[in-house]
file start_17.txt (compact mmCIF, C-alpha atoms)
# COMPACT_ATOMS: atom_id res chain seq x y z
CA MET A 3 0.00 0.00 0.00
CA ILE A 4 1.51 3.31 -1.06
CA ARG A 5 1.09 5.86 1.73
CA PHE A 6 2.48 9.31 2.51
CA ASP A 7 1.83 9.56 6.23
CA ASP A 8 4.01 12.18 7.99
CA GLN A 9 5.18 13.49 4.60
CA VAL A 10 4.73 17.02 3.27
CA ALA A 11 3.96 17.68 -0.39
CA ILE A 12 3.84 20.88 -2.44
CA VAL A 13 1.70 20.78 -5.58
CA THR A 14 1.86 23.80 -7.87
CA GLY A 15 -1.13 24.81 -9.96
CA ALA A 16 -3.27 22.75 -7.58
CA GLY A 17 -6.42 24.87 -7.64
CA ALA A 18 -8.00 22.90 -10.48
CA GLY A 19 -7.44 20.20 -13.08
CA LEU A 20 -4.45 17.91 -12.77
CA GLY A 21 -2.93 19.76 -9.82
CA ARG A 22 -6.15 19.49 -7.82
CA SER A 23 -6.36 15.78 -8.59
CA HIS A 24 -2.73 15.21 -7.54
CA ALA A 25 -3.25 17.16 -4.31
CA LEU A 26 -6.41 15.23 -3.41
CA GLY A 27 -4.66 11.95 -4.19
CA LEU A 28 -1.71 12.76 -1.96
CA ALA A 29 -3.94 13.93 0.88
CA ALA A 30 -6.12 10.83 0.66
CA ARG A 31 -3.03 8.72 1.30
CA GLY A 32 -1.86 10.68 4.32
CA ALA A 33 0.29 13.55 3.04
CA LYS A 34 0.06 17.08 4.34
CA VAL A 35 -0.40 19.12 1.17
CA VAL A 36 0.49 22.68 0.22
CA ILE A 37 -1.93 23.89 -2.43
CA ASN A 38 -0.11 26.41 -4.60
CA ASP A 39 -2.17 28.31 -7.14
CA MET A 40 -2.99 31.84 -8.18
CA HIS A 41 -6.73 31.13 -7.98
CA VAL A 42 -9.36 29.13 -6.02
CA ALA A 43 -6.82 27.20 -3.94
CA ASP A 44 -8.91 27.54 -0.77
CA ASP A 45 -11.63 25.36 -2.28
CA VAL A 46 -9.21 22.46 -2.59
CA VAL A 47 -7.96 22.99 0.96
CA SER A 48 -11.55 22.84 2.22
CA GLU A 49 -12.14 19.66 0.25
CA ILE A 50 -9.08 18.00 1.76
CA LYS A 51 -9.94 19.06 5.30
CA ALA A 52 -13.53 17.89 4.91
CA ALA A 53 -12.15 14.45 4.09
CA GLY A 54 -10.01 14.48 7.24
CA GLY A 55 -6.74 15.59 5.65
CA ASP A 56 -4.44 18.52 6.31
CA ALA A 57 -3.61 21.26 3.83
CA PHE A 58 -3.11 24.97 3.41
CA SER A 59 -2.92 27.25 0.40
CA LEU A 60 -0.22 29.60 -0.82
CA ALA A 61 -0.87 31.90 -3.78
CA ALA A 62 2.77 32.22 -4.81
CA ASP A 63 3.68 33.10 -8.41
CA ILE A 64 6.12 30.31 -9.26
CA SER A 65 7.98 32.52 -11.76
CA ASP A 66 8.83 34.92 -8.90
CA ALA A 67 11.98 33.74 -7.11
CA LYS A 68 11.21 35.60 -3.89
CA ALA A 69 7.64 34.28 -3.76
CA VAL A 70 8.86 30.72 -4.24
CA ALA A 71 11.53 31.08 -1.55
CA ASP A 72 8.92 32.52 0.81
CA MET A 73 6.62 29.59 0.04
CA ALA A 74 9.29 27.05 0.98
CA ALA A 75 10.08 29.00 4.15
CA GLN A 76 6.43 29.06 5.19
CA VAL A 77 6.09 25.33 4.64
CA MET A 78 9.18 24.66 6.74
CA GLU A 79 7.95 26.95 9.51
CA ARG A 80 4.59 25.19 9.60
CA TRP A 81 5.52 21.56 9.04
CA GLY A 82 9.31 21.34 9.27
CA ARG A 83 10.01 19.32 6.16
CA ILE A 84 9.27 18.99 2.42
CA ASP A 85 9.28 15.47 1.03
CA ILE A 86 7.46 15.84 -2.28
CA LEU A 87 7.29 18.50 -4.96
CA VAL A 88 4.90 18.12 -7.88
CA ASN A 89 5.57 20.81 -10.49
CA ASN A 90 2.27 21.14 -12.31
CA ALA A 91 1.53 24.85 -12.78
CA GLY A 92 1.55 26.22 -16.31
CA ILE A 93 -0.01 28.52 -18.88
CA LEU A 94 -0.67 28.53 -22.63
CA ARG A 95 -0.06 31.28 -25.18
CA ASP A 96 -0.74 29.31 -28.37
CA LYS A 97 -0.03 30.78 -31.78
CA THR A 98 1.96 29.74 -34.83
CA PHE A 99 5.61 30.68 -34.59
CA ALA A 100 5.35 33.16 -37.48
CA LYS A 101 2.62 35.09 -35.66
CA MET A 102 3.88 34.68 -32.11
CA ASP A 103 4.93 37.67 -30.05
CA MET A 104 8.25 36.82 -28.40
CA VAL A 105 6.89 38.28 -25.17
CA ASP A 106 4.40 35.41 -25.13
CA PHE A 107 7.18 32.96 -25.96
CA ALA A 108 9.26 34.22 -23.05
CA LYS A 109 6.31 34.22 -20.63
CA VAL A 110 5.54 30.56 -21.26
CA ILE A 111 9.21 29.66 -20.81
CA ASP A 112 9.29 31.75 -17.64
CA VAL A 113 6.33 30.00 -16.03
CA HIS A 114 6.98 26.42 -17.13
CA LEU A 115 10.77 26.20 -17.14
CA MET A 116 11.92 28.91 -14.75
CA GLY A 117 8.95 28.32 -12.44
CA THR A 118 9.80 24.64 -12.21
CA ALA A 119 13.50 25.35 -11.72
CA LEU A 120 12.78 27.91 -8.98
CA CYS A 121 10.55 25.50 -7.09
CA CYS A 122 13.11 22.69 -7.37
CA HIS A 123 15.88 25.03 -6.28
CA ALA A 124 13.89 26.15 -3.22
CA VAL A 125 13.30 22.61 -1.94
CA TRP A 126 16.63 21.12 -3.02
CA PRO A 127 18.72 22.00 0.08
CA ILE A 128 15.84 20.86 2.30
CA MET A 129 15.65 17.49 0.60
CA ARG A 130 19.43 17.10 0.64
CA ALA A 131 19.54 17.78 4.39
CA GLN A 132 16.75 15.21 4.94
CA GLY A 133 18.45 12.64 2.73
CA TYR A 134 15.13 12.17 0.97
CA GLY A 135 13.05 13.82 -1.72
CA ARG A 136 10.69 13.05 -4.55
CA ILE A 137 10.17 15.51 -7.42
CA VAL A 138 7.90 15.31 -10.44
CA LEU A 139 8.28 17.66 -13.39
CA THR A 140 5.45 17.99 -15.90
CA SER A 141 6.17 17.74 -19.62
CA SER A 142 3.66 16.90 -22.35
CA GLY A 143 3.31 15.25 -25.72
CA SER A 144 3.94 18.69 -27.22
CA GLY A 145 7.35 18.80 -25.58
CA LEU A 146 8.26 15.25 -26.52
CA TYR A 147 6.85 15.17 -30.07
CA GLY A 148 5.88 18.75 -31.03
CA ASN A 149 2.47 20.28 -31.69
CA PHE A 150 1.35 22.84 -34.26
CA GLY A 151 0.98 26.31 -32.75
CA GLN A 152 2.81 25.49 -29.51
CA SER A 153 6.47 26.30 -30.14
CA ASN A 154 6.79 28.15 -26.82
CA TYR A 155 4.97 25.49 -24.78
CA ALA A 156 6.77 22.64 -26.55
CA ALA A 157 10.18 24.22 -25.94
CA ALA A 158 9.43 24.68 -22.25
CA LYS A 159 8.08 21.17 -21.88
CA ALA A 160 11.01 19.59 -23.72
CA ALA A 161 13.30 21.36 -21.26
CA MET A 162 11.78 19.30 -18.44
CA VAL A 163 13.60 16.23 -19.74
CA GLY A 164 17.01 17.86 -19.64
CA LEU A 165 16.33 19.28 -16.18
CA MET A 166 15.18 15.87 -14.92
CA ASN A 167 18.23 14.08 -16.29
CA THR A 168 20.65 16.38 -14.49
CA LEU A 169 18.72 16.64 -11.22
CA HIS A 170 18.53 12.84 -11.16
CA LEU A 171 22.32 12.64 -11.35
CA GLU A 172 22.90 15.36 -8.78
CA GLY A 173 20.25 14.11 -6.35
CA ALA A 174 21.02 10.39 -6.37
CA ARG A 175 23.48 10.54 -3.46
CA ASP A 176 20.83 12.05 -1.19
CA ASP A 177 17.96 9.80 -2.36
CA ILE A 178 16.28 12.59 -4.29
CA ARG A 179 14.44 10.92 -7.14
CA VAL A 180 13.29 13.03 -10.07
CA ASN A 181 10.79 11.95 -12.71
CA THR A 182 8.76 13.58 -15.47
CA LEU A 183 5.06 13.22 -16.18
CA ALA A 184 3.78 13.72 -19.73
CA PRO A 185 -0.01 13.79 -19.31
CA THR A 186 -2.90 14.07 -21.74
CA ALA A 187 -5.89 15.23 -19.73
CA ALA A 188 -9.15 17.10 -19.90
CA THR A 189 -8.37 20.38 -18.14
CA ALA A 190 -9.00 24.08 -18.62
CA MET A 191 -5.83 24.17 -20.74
CA THR A 192 -7.13 21.54 -23.17
CA GLU A 193 -10.80 22.56 -23.24
CA GLY A 194 -11.77 23.40 -26.80
CA LEU A 195 -8.79 21.49 -28.21
CA LEU A 196 -10.28 18.01 -27.84
CA PRO A 197 -13.70 16.54 -28.71
CA ASP A 198 -16.12 16.14 -25.82
CA ALA A 199 -16.08 12.35 -26.03
CA ALA A 200 -12.30 12.34 -25.61
CA LEU A 201 -12.45 14.84 -22.75
CA ALA A 202 -14.84 12.56 -20.90
CA LEU A 203 -12.28 9.75 -21.05
CA LEU A 204 -9.17 11.80 -20.27
CA GLN A 205 -10.03 12.90 -16.75
CA PRO A 206 -7.20 13.99 -14.41
CA GLU A 207 -8.10 11.21 -11.97
CA THR A 208 -6.92 8.66 -14.53
CA ILE A 209 -3.42 10.18 -14.41
CA THR A 210 -2.85 10.93 -10.72
CA PRO A 211 -2.16 7.29 -9.71
CA GLY A 212 0.96 7.43 -11.87
CA VAL A 213 2.11 10.59 -10.09
CA LEU A 214 1.55 8.97 -6.70
CA TYR A 215 3.80 6.11 -7.73
CA LEU A 216 6.48 8.50 -9.02
CA VAL A 217 6.65 10.23 -5.62
CA SER A 218 6.45 7.09 -3.50
CA LYS A 219 9.26 5.63 -1.40
CA ASP A 220 10.05 2.96 -3.99
CA ALA A 221 9.73 5.27 -6.99
CA PRO A 222 12.01 5.02 -9.99
CA SER A 223 14.11 8.00 -11.04
CA ARG A 224 14.83 9.60 -14.41
CA THR A 225 11.64 8.18 -15.90
CA ILE A 226 9.34 9.93 -18.39
CA LEU A 227 5.88 8.57 -17.62
CA SER A 228 3.30 9.34 -20.29
CA ALA A 229 -0.29 8.99 -19.16
CA GLY A 230 -3.90 9.51 -20.19
CA GLY A 231 -7.26 7.79 -19.83
CA GLY A 232 -5.83 5.07 -17.60
CA THR A 233 -3.02 4.16 -20.02
CA PHE A 234 0.57 4.56 -18.84
CA ALA A 235 3.69 4.29 -20.98
CA VAL A 236 7.35 5.15 -20.61
CA THR A 237 8.96 7.44 -23.17
CA GLN A 238 12.63 6.60 -23.66
CA ILE A 239 15.50 8.51 -25.23
CA THR A 240 17.98 6.18 -26.87
CA GLU A 241 20.93 6.57 -29.22
CA THR A 242 21.64 4.32 -32.17
CA GLN A 243 24.96 2.52 -32.39
CA GLY A 244 25.73 4.84 -35.30
CA ALA A 245 28.48 4.60 -37.89
CA LEU A 246 32.12 5.59 -37.90
CA ILE A 247 32.99 7.31 -41.18
CA ASP A 248 36.04 5.72 -42.80
CA GLY A 249 38.34 8.08 -44.65
CA ASP A 250 37.40 11.70 -45.17
CA VAL A 251 34.51 12.90 -43.01
CA THR A 252 32.39 14.78 -45.54
CA PRO A 253 28.69 15.57 -45.89
CA GLU A 254 28.58 13.06 -48.74
CA ALA A 255 30.08 10.37 -46.50
CA VAL A 256 27.44 11.08 -43.86
CA ALA A 257 24.71 10.79 -46.51
CA ALA A 258 26.14 7.50 -47.76
CA ALA A 259 26.19 6.05 -44.22
CA TRP A 260 22.75 7.41 -43.28
CA SER A 261 20.98 4.05 -43.21
CA LYS A 262 23.57 2.70 -40.76
CA ILE A 263 23.58 5.90 -38.70
CA THR A 264 19.83 5.67 -38.24
CA ASP A 265 19.58 1.88 -37.81
CA PRO A 266 17.69 1.36 -34.51
CA THR A 267 19.23 -2.08 -33.92
CA GLY A 268 21.08 -1.99 -30.63
CA ALA A 269 19.93 1.51 -29.72
CA GLU A 270 20.44 2.18 -26.02
CA PRO A 271 20.04 4.93 -23.42
CA LEU A 272 23.16 6.73 -22.26
CA GLU A 273 23.87 7.45 -18.61
CA ASN A 274 25.01 11.05 -19.17
CA ALA A 275 26.59 13.38 -21.73
CA PHE A 276 30.06 12.13 -20.83
CA ALA A 277 29.03 8.59 -21.77
CA GLN A 278 28.29 9.84 -25.26
CA THR A 279 31.67 11.57 -25.49
CA ARG A 280 33.41 8.40 -24.31
CA LYS A 281 31.54 6.30 -26.87
CA TYR A 282 32.67 8.47 -29.77
CA ALA A 283 36.25 8.89 -28.57
CA LEU A 284 36.77 5.17 -27.99
CA ARG A 285 35.39 4.28 -31.40
CA ALA A 286 37.63 6.83 -33.12
CA ALA A 287 40.63 5.64 -31.13
CA LYS A 288 40.02 2.03 -32.07
CA ALA A 289 39.78 2.92 -35.75
CA LYS A 290 43.09 4.80 -35.61
CA GLY A 291 44.89 2.25 -33.45
CA VAL A 292 45.19 4.65 -30.51
CA ASP A 293 45.12 3.30 -26.92
CA LEU A 294 43.14 5.77 -24.83
CA ASP A 295 43.37 3.65 -21.65
CA TRP A 296 39.85 4.91 -20.89

call {"tool": "encode", "arguments": {"input": "start_17.txt", "output": "structure tokens"}}
result
Amino acid sequence: MIRFDDQVAIVTGAGAGLGRSHALGLAARGAKVVINDMHVADDVVSEIKAAGGDAFSLAADISDAKAVADMAAQVMERWGRIDILVNNAGILRDKTFAKMDMVDFAKVIDVHLMGTALCCHAVWPIMRAQGYGRIVLTSSGSGLYGNFGQSNYAAAKAAMVGLMNTLHLEGARDDIRVNTLAPTAATAMTEGLLPDAALALLQPETITPGVLYLVSKDAPSRTILSAGGGTFAVTQITETQGALIDGDVTPEAVAAAWSKITDPTGAEPLENAFAQTRKYALRAAKAKGVDLDW
């Protein structure tokens, strides 16, 4: 049984939609929950307390560094620890790239990427001192695969993967596990974008169980969990074995080797950027008869 008794969780954007569902799910399994939102957060607090849980709301703007730091300080003053951070808050400013105002591009990046980074940065020393932490970042299919009219949102959501990969590496020593959720859900952000029949199936409550697993004691780390309508899948980033160009390295040589370069046989994930560098250097050294002793 996955429980969160005596644990404290912060959920951003928890006033409605996915965030509300995540907050209710955590509270139902024993967590004390901080409901962060710019609107209607008190309604969720009341709902949690009516069910016998414990929660309070904080209307911090996650793109404001001082507000985020103050939020973490208030949580520590009240409950003395922060075990779980679910980064869910976000906005949309959809428009094709040709017509997009770069102010809107920057604003979406600011809320999704910088807001997530600020929240992680605020809880990071707390989790390190505890020797325990669970963090979920929220990406989307737009970030992983692209979506017409969402260049700003897709860029911000793709950034979650890079942030997760590095925080996973840096947090492993202190048992801070970092994962990414890529949800497809019926929320205020997707209303009008999906047919009603699909919206009825893609309720936030079908996604939250995956989040609860990702922030549990036995959670994985560095996992991209895609979810919607009760279906869960893992999105993986792998690299093909590739091809070493013999002779002159020219564009024509790359074109000639393209089928081998792109052959998915034996594709594998890499532990970090250095592993990629090592892979290429060792292959080049072997081809040239050089002993790298590496």

call {"tool": "residues_around", "arguments": {"input": "start_17.txt", "residues": "range 291-294 of chain A", "least_positions_apart": "3", "cutoff": "12 Å", "atoms": "only C-alpha atoms", "output": "ChimeraX atom specification"}}
result
/A:280-288

call {"tool": "closest_residue", "arguments": {"input": "start_17.txt", "among": "A:Gly145, A:Gly164, A:Gly244, A:Pro266", "to": "Pro185 in chain A", "atoms": "all atoms listed in the file"}}
result
A:Gly145

call {"tool": "atom_distance", "arguments": {"input": "start_17.txt", "atom1": "CA of Thr240 in chain A", "atom2": "CA of Trp296 in chain A"}}
result
22.7 Å

call {"tool": "atom_distance", "arguments": {"input": "start_17.txt", "atom1": "CA of Ala184 in chain A", "atom2": "CA of Ala43 in chain A"}}
result
23.3 Å

call {"tool": "residues_around", "arguments": {"input": "start_17.txt", "residues": "range 29-35 of chain A", "least_positions_apart": "6", "cutoff": "6 Å", "atoms": "all atoms listed in the file", "output": "PyMOL selection string"}}
result
chain A and resi 5-7+9-12+55-57

call {"tool": "residues_around", "arguments": {"input": "start_17.txt", "residues": "Ala61 in chain A", "least_positions_apart": "2", "cutoff": "6 Å", "atoms": "only C-alpha atoms", "output": "PDB file with C-alpha atoms, in the coordinates of the input"}}
result
ATOM      1  CA  ASN A  38      -0.110  26.410  -4.600  1.00  0.00           C
ATOM      2  CA  ASP A  39      -2.170  28.310  -7.140  1.00  0.00           C
ATOM      3  CA  MET A  40      -2.990  31.840  -8.180  1.00  0.00           C
TER       4      MET A  40
END

call {"tool": "closest_residue", "arguments": {"input": "start_17.txt", "among": "A:Ser59, A:Ser65, A:Asn154, A:Thr233", "to": "Ala100 in chain A", "atoms": "all atoms listed in the file"}}
result
A:Asn154

call {"tool": "closest_residue", "arguments": {"input": "start_17.txt", "among": "A:Leu60, A:Val113, A:Met162, A:Ala174", "to": "Gly133 in chain A", "atoms": "all atoms listed in the file"}}
result
A:Ala174

call {"tool": "atom_distance", "arguments": {"input": "start_17.txt", "atom1": "CA of Lys51 in chain A", "atom2": "CA of Ala229 in chain A"}}
result
28.2 Å

call {"tool": "closest_residue", "arguments": {"input": "start_17.txt", "among": "A:Ala245, A:Leu196, A:Ile178, A:Leu87", "to": "Ser261 in chain A", "atoms": "all atoms listed in the file"}}
result
A:Ala245

call {"tool": "residues_around", "arguments": {"input": "start_17.txt", "residues": "Gly143 in chain A", "least_positions_apart": "6", "cutoff": "9 Å", "atoms": "all atoms listed in the file", "output": "PDB file with C-alpha atoms, in the coordinates of the input"}}
result
ATOM      1  CA  ASN A 149       2.470  20.280 -31.690  1.00  0.00           C
ATOM      2  CA  ALA A 156       6.770  22.640 -26.550  1.00  0.00           C
ATOM      3  CA  LYS A 159       8.080  21.170 -21.880  1.00  0.00           C
ATOM      4  CA  ALA A 184       3.780  13.720 -19.730  1.00  0.00           C
ATOM      5  CA  PRO A 185      -0.010  13.790 -19.310  1.00  0.00           C
ATOM      6  CA  THR A 186      -2.900  14.070 -21.740  1.00  0.00           C
ATOM      7  CA  SER A 228       3.300   9.340 -20.290  1.00  0.00           C
TER       8      SER A 228
END

call {"tool": "closest_residue", "arguments": {"input": "start_17.txt", "among": "A:Asp106, A:Asp112, A:Asp72, A:Asp265", "to": "Ala161 in chain A", "atoms": "only C-alpha atoms"}}
result
A:Asp112

call {"tool": "closest_atom_pairs", "arguments": {"input": "start_17.txt", "of": "range 130-190 of chain A", "to": "range 270-276 of chain A", "cutoff": "10 Å", "atoms": "all atoms listed in the file", "output": "CSV"}}
result
residue,atom,partner,partner_atom,distance
A:Asn167,CA,A:Asn274,CA,8.0
A:Thr168,CA,A:Asn274,CA,8.3
A:Leu171,CA,A:Asn274,CA,8.4
